[in-house]
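Novice: Just dropping this structure here.
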2 protein chains.
Amino acid sequence: MFAGTHTQTHHRSGPAINSGAVPFLSRVRPISLFAPDGEIYAQGETADALYRVEFGAVRVYRLHTDGRRQIVAFYLAGETFGLEAGRTHSFFAEATVHTGLARFSSFAGEVVTQELMTLALQSMLHAQEHILVVSRQSAIEKLGAFLLDVAERQGDLEHIDLQMTRVDIGEYLGMTIETVSRSFSKLRDEGILRLHGAKSVEILQPAKLALLCK
Amino acid sequence: MFAGTHTQTHHRSGPAINSGAVPFLSRVRPISLFAPDGEIYAQGETADALYRVEFGAVRVYRLHTDGRRQIVAFYLAGETFGLEAGRTHSFFAEATVHTGLARFSSFAGEVVTQELMTLALQSMLHAQEHILVVSRQSAIEKLGAFLLDVAERQGDLEHIDLQMTRVDIGEYLGMTIETVSRSFSKLRDEGILRLHGAKSVEILQPAKLALLCK
DNA sequence: CGATAGATTGACCTCATTCAACAGGTGTGG
DNA sequence: CCACACCTGTTGAATGAGGTCAATCTATCG
């Protein structure tokens with residue numbers, strides 16, 4: 001199991017979790033499992049479905065001609081992605097860790113629902129917010145803003161379970177893994193963070209961190 | 001005339017120009033005039049209208065706590081903006097030059113039209129593309145990508161009329177005006193651009209420019 | 001428990017920022 | 001219409017943050 005892009009599925013019988021602001025997505029659904037780096041869709045493929053992250057995380061990215069990868073968004077548990085401006089995907093989507101996705105392919109009833117509009121507007125806003133983060137000059141500020149964003153989305157302002165590597169974070173924030181690592185260390189040395197392994201982050205002074213970024 | 005945010009209006013009698021992909025916006029409309037730096041809306045204000053640029057250009061931006069300004073989008077002649085995820089504006093909007101806008105306030109009939117959806121998705125895509133630009137490492141690449149984008153949107157791949165200052169460009173691309181200026185000079189010295197004054201740019205070698213950026 | 005990918009740290013160097021001076025172009029008022 | 005003033009843009013030199021290359025450490029998984 002968890003083999004690559006293999007869409008091995010199982011069925012849940014209970015009520016859907018994370019129904020959130022997208023009611024029509026709350027029906028019981030099969031879950032597709034993806035291994036780390038498992039491809040969900042590729043640039044150029046027909047965009048005919050939405051996906052909700054049940055557990056794990058997803059990176060959405062594009063490749064530059066020089067081979068560099070730019071991640072434009074992460075999607076965490078409970079979040080929905082896959083909406084595109086055209087008929088085909090403009091980006092690649094991959095799982096960053098072991099990930100379960102609920103797939104919704106029947107949304108394209110040509111009826112533009114309020115929920116889809118909300119999703120589009122949220123995606124627009126999040127992309128615009130991301131511009132604000134990556135355009136920040138300092139590496140510390142970028143990382144701090146990223147951590148606060150993840151903390152808020154995970155619903156725990158003092159403890160973060162990073163679902164991605166330093167490489168992913170670097171490609172999301174537009175900096176090298178060395179700089180990402182150095183920034184983590186600096187925040188640790190200043191007593192703002194405590195690191196339990198590389199993926200588990202405790203925010204000791206959320207206010208001080210917010211001061212640096214907001 | 002052209003006084004600040006003064007919404008002095010006049011009426012056009014002919015058919016609307018730039019009807020484009022937003023048919024319901026193509027009715028004859030009064031045009032509001034804005035002077036350079038004239039405020040169109042401010043962050044926090046109620047978002048109850050869309051605007052189409054008839055001539056001139058608009059910058060949409062947010063202020064960082066340190067006072068720096070980050071422009072998240074420019075809107076050029078024929079383009080529509082003002083759609084927001086919430087009930088209030090998340091950003092500021094100002095004219096960059098003498099600008100005429102058509103305002104559409106009746107779109108909020110609670111009916112989610114296909115046109116609004118298209119607009120939201122286009123805005124999402126453009127924000128995502130902007131992420132790709134600002135996250136580029138090199139100043140030359142950022143400026144080149146910006147120039148190609150503007151050229152395409154203005155419909156002339158060999159001549160650009162910049163509707164904004166070096167300060168605006170810098171705040172859009174996340175770099176200082178000095179670096180913007182140096183990048184222009186470098187592209188000129190390499191024979192890729194010719195500058196007729198600061199605002200008029202001739203692209204001598206579009207292919208070479210595209211090679212640097214795409 | 002060992003192998004290996006991921007993460008950290010160090011040294012060096014490039015390039016954007018900063019500070020500063022100067023040039024050019026635009027708009028205004030006489 | 002011309003001249004002056006100011007704003008915008010350009011160029012230079014010094015500084016510093018982040019990238020690059022390389023070595024070491026460590027956490028995780030088979």
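Letters A, B, ... mark the chains of the structure tokens in the order given; residue numbers begin at 1 per chain; ligand numbers begin at 1, in order shown.
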Using only C-alpha atoms, I'd like a table of the residues in chain B that come within 7 Å of chain A; for each, show the closest atom pair and its distance in Å rounded to one decimal, ordered by chain and ascending number, as CSV.

Specialist:
residue,atom,partner,partner_atom,distance
B:Thr65,CA,A:Lys214,CA,6.5
B:Gln70,CA,A:Leu132,CA,6.7
B:Val72,CA,A:Gln128,CA,6.5
B:Glu84,CA,A:Leu121,CA,6.8
B:Ala85,CA,A:Leu121,CA,4.8
B:Val112,CA,A:Gln114,CA,6.4
B:Thr113,CA,A:Val112,CA,6.9
B:Gln114,CA,A:Val112,CA,6.4
B:Met117,CA,A:Met117,CA,6.1
B:Ala120,CA,A:Leu121,CA,6.0
B:Leu121,CA,A:Ala85,CA,4.7
B:Gln122,CA,A:Ala85,CA,5.9
B:Ser123,CA,A:Met124,CA,6.2
B:Met124,CA,A:Met124,CA,4.0
B:Leu125,CA,A:Ala85,CA,6.5
B:Ala127,CA,A:Ala127,CA,5.6
B:Gln128,CA,A:Ala127,CA,5.7
B:Ile131,CA,A:Ile131,CA,5.5
B:Leu132,CA,A:Gln70,CA,6.7
B:Val134,CA,A:Ser135,CA,6.5
B:Ser135,CA,A:Gly174,CA,5.2
B:Gly174,CA,A:Ser135,CA,5.2
B:Lys214,CA,A:Thr65,CA,6.4

Novice: How would the residues just picked look written out with C-alpha atoms as a compact mmCIF listing (two decimals), in the first residue's frame?

Specialist:
# COMPACT_ATOMS: atom_id res chain seq x y z
CA THR B 65 3.96 46.88 9.27
CA GLN B 70 3.90 45.22 -1.65
CA VAL B 72 0.26 42.18 -5.64
CA GLU B 84 -12.70 39.96 -3.04
CA ALA B 85 -12.95 36.81 -0.97
CA VAL B 112 -23.01 33.58 -8.92
CA THR B 113 -22.58 34.05 -12.60
CA GLN B 114 -20.19 32.20 -14.85
CA MET B 117 -16.36 32.63 -11.58
CA ALA B 120 -12.12 34.75 -9.77
CA LEU B 121 -10.24 31.91 -11.45
CA GLN B 122 -8.27 34.30 -13.63
CA SER B 123 -7.31 36.32 -10.56
CA MET B 124 -6.25 33.13 -8.82
CA LEU B 125 -4.13 32.05 -11.76
CA ALA B 127 -1.63 35.56 -8.46
CA GLN B 128 -0.08 32.10 -8.79
CA ILE B 131 4.38 33.94 -7.20
CA LEU B 132 6.50 32.27 -9.87
CA VAL B 134 8.74 37.12 -7.52
CA SER B 135 10.29 33.87 -6.34
CA GLY B 174 10.16 42.71 -4.54
CA LYS B 214 10.63 31.37 -19.27

Novice: For chain A, which residues have at least one atom within 9 Å of chain C, if we go by only C-alpha atoms (C1' of nucleotides)? Write them as an MDAnalysis selection string, please.

Specialist: chainID A and resid 165:166 177:178 181:182 185 198

Novice: What parts of segment 11-181 of chain B does DSSP call helix (DSSP H, G or I)? I'd like the answer as a PyMOL selection string.

Specialist: chain B and resi 23-25+114-134+139-154+166-173+177-181

Novice: Distance limit 9 Å, atoms considered: only C-alpha atoms (C1' of nucleotides). Which chain D residues sit that close to chain B? Return them as a JSON list (two decimals) with N, CA and C atoms (P, O5', C5', C4', C3', O3' and C1' of nucleotides), in the first residue's frame.

Specialist:
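Final output, out.json:
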[["chain", "number", "residue", "atom", "x", "y", "z"],
["D", 8, "DT", "P", 8.06, 61.31, -8.36],
["D", 8, "DT", "O5'", 9.02, 60.65, -9.44],
["D", 8, "DT", "C5'", 8.84, 60.98, -10.82],
["D", 8, "DT", "C4'", 9.97, 60.41, -11.62],
["D", 8, "DT", "C3'", 10.36, 58.97, -11.26],
["D", 8, "DT", "O3'", 10.27, 58.17, -12.42],
["D", 8, "DT", "C1'", 12.28, 60.37, -11.37],
["D", 9, "DG", "P", 10.59, 56.63, -12.41],
["D", 9, "DG", "O5'", 12.10, 56.62, -12.95],
["D", 9, "DG", "C5'", 12.40, 57.32, -14.13],
["D", 9, "DG", "C4'", 13.91, 57.38, -14.32],
["D", 9, "DG", "C3'", 14.62, 56.03, -14.20],
["D", 9, "DG", "O3'", 15.38, 55.82, -15.37],
["D", 9, "DG", "C1'", 15.71, 57.68, -12.89],
["D", 10, "DT", "P", 16.17, 54.46, -15.60],
["D", 10, "DT", "O5'", 17.68, 54.86, -15.28],
["D", 10, "DT", "C5'", 18.28, 55.91, -16.03],
["D", 10, "DT", "C4'", 19.66, 56.20, -15.48],
["D", 10, "DT", "C3'", 20.59, 54.99, -15.37],
["D", 10, "DT", "O3'", 21.74, 55.26, -16.16],
["D", 10, "DT", "C1'", 20.65, 56.31, -13.39],
["D", 11, "DT", "P", 22.77, 54.13, -16.54],
["D", 11, "DT", "O5'", 23.90, 54.30, -15.43],
["D", 11, "DT", "C5'", 24.62, 55.52, -15.38],
["D", 11, "DT", "C4'", 25.42, 55.61, -14.09],
["D", 11, "DT", "C3'", 26.32, 54.40, -13.79],
["D", 11, "DT", "O3'", 27.66, 54.83, -13.77],
["D", 11, "DT", "C1'", 25.18, 55.16, -11.85]]

Novice: Between atom CA of Ala49 of chain B and atom CA of Arg29 of chain B, what is the spacing in Å?

Specialist: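 Value for the atom CA of Arg29 of chain B-atom CA of Ala49 of chain B distance: 13.3 Å.
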
Novice: Nearest to Leu101 of chain A among A:Ile160, A:Ile40, A:Leu187, A:Leu148, with distances taken over only C-alpha atoms: which residue is it?

Specialist: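 Nearest to Leu101 of chain A: A:Ile40.
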
Novice: Rounded to one decimal place, report the atom CA of Gln163 of chain A-atom CA of Ser138 of chain B distance in Å.

Specialist: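 About the pair atom CA of Gln163 of chain A and atom CA of Ser138 of chain B: they are 29.1 Å apart.
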
Novice: Write out as a ChimeraX atom specification the residues lying within 8 Å of Leu204 of chain A, counting only C-alpha atoms (C1' of nucleotides) and excluding same-chain residues fewer than 2 positions away.

Specialist: /A:158,191-194,202,206

Novice: Calculate how many Å separate atom CA of Ala139 of chain A from atom C1' of DA22 of chain D, rounding to one decimal.

Specialist: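 Rounded to one decimal, the two atoms are 22.2 Å apart.
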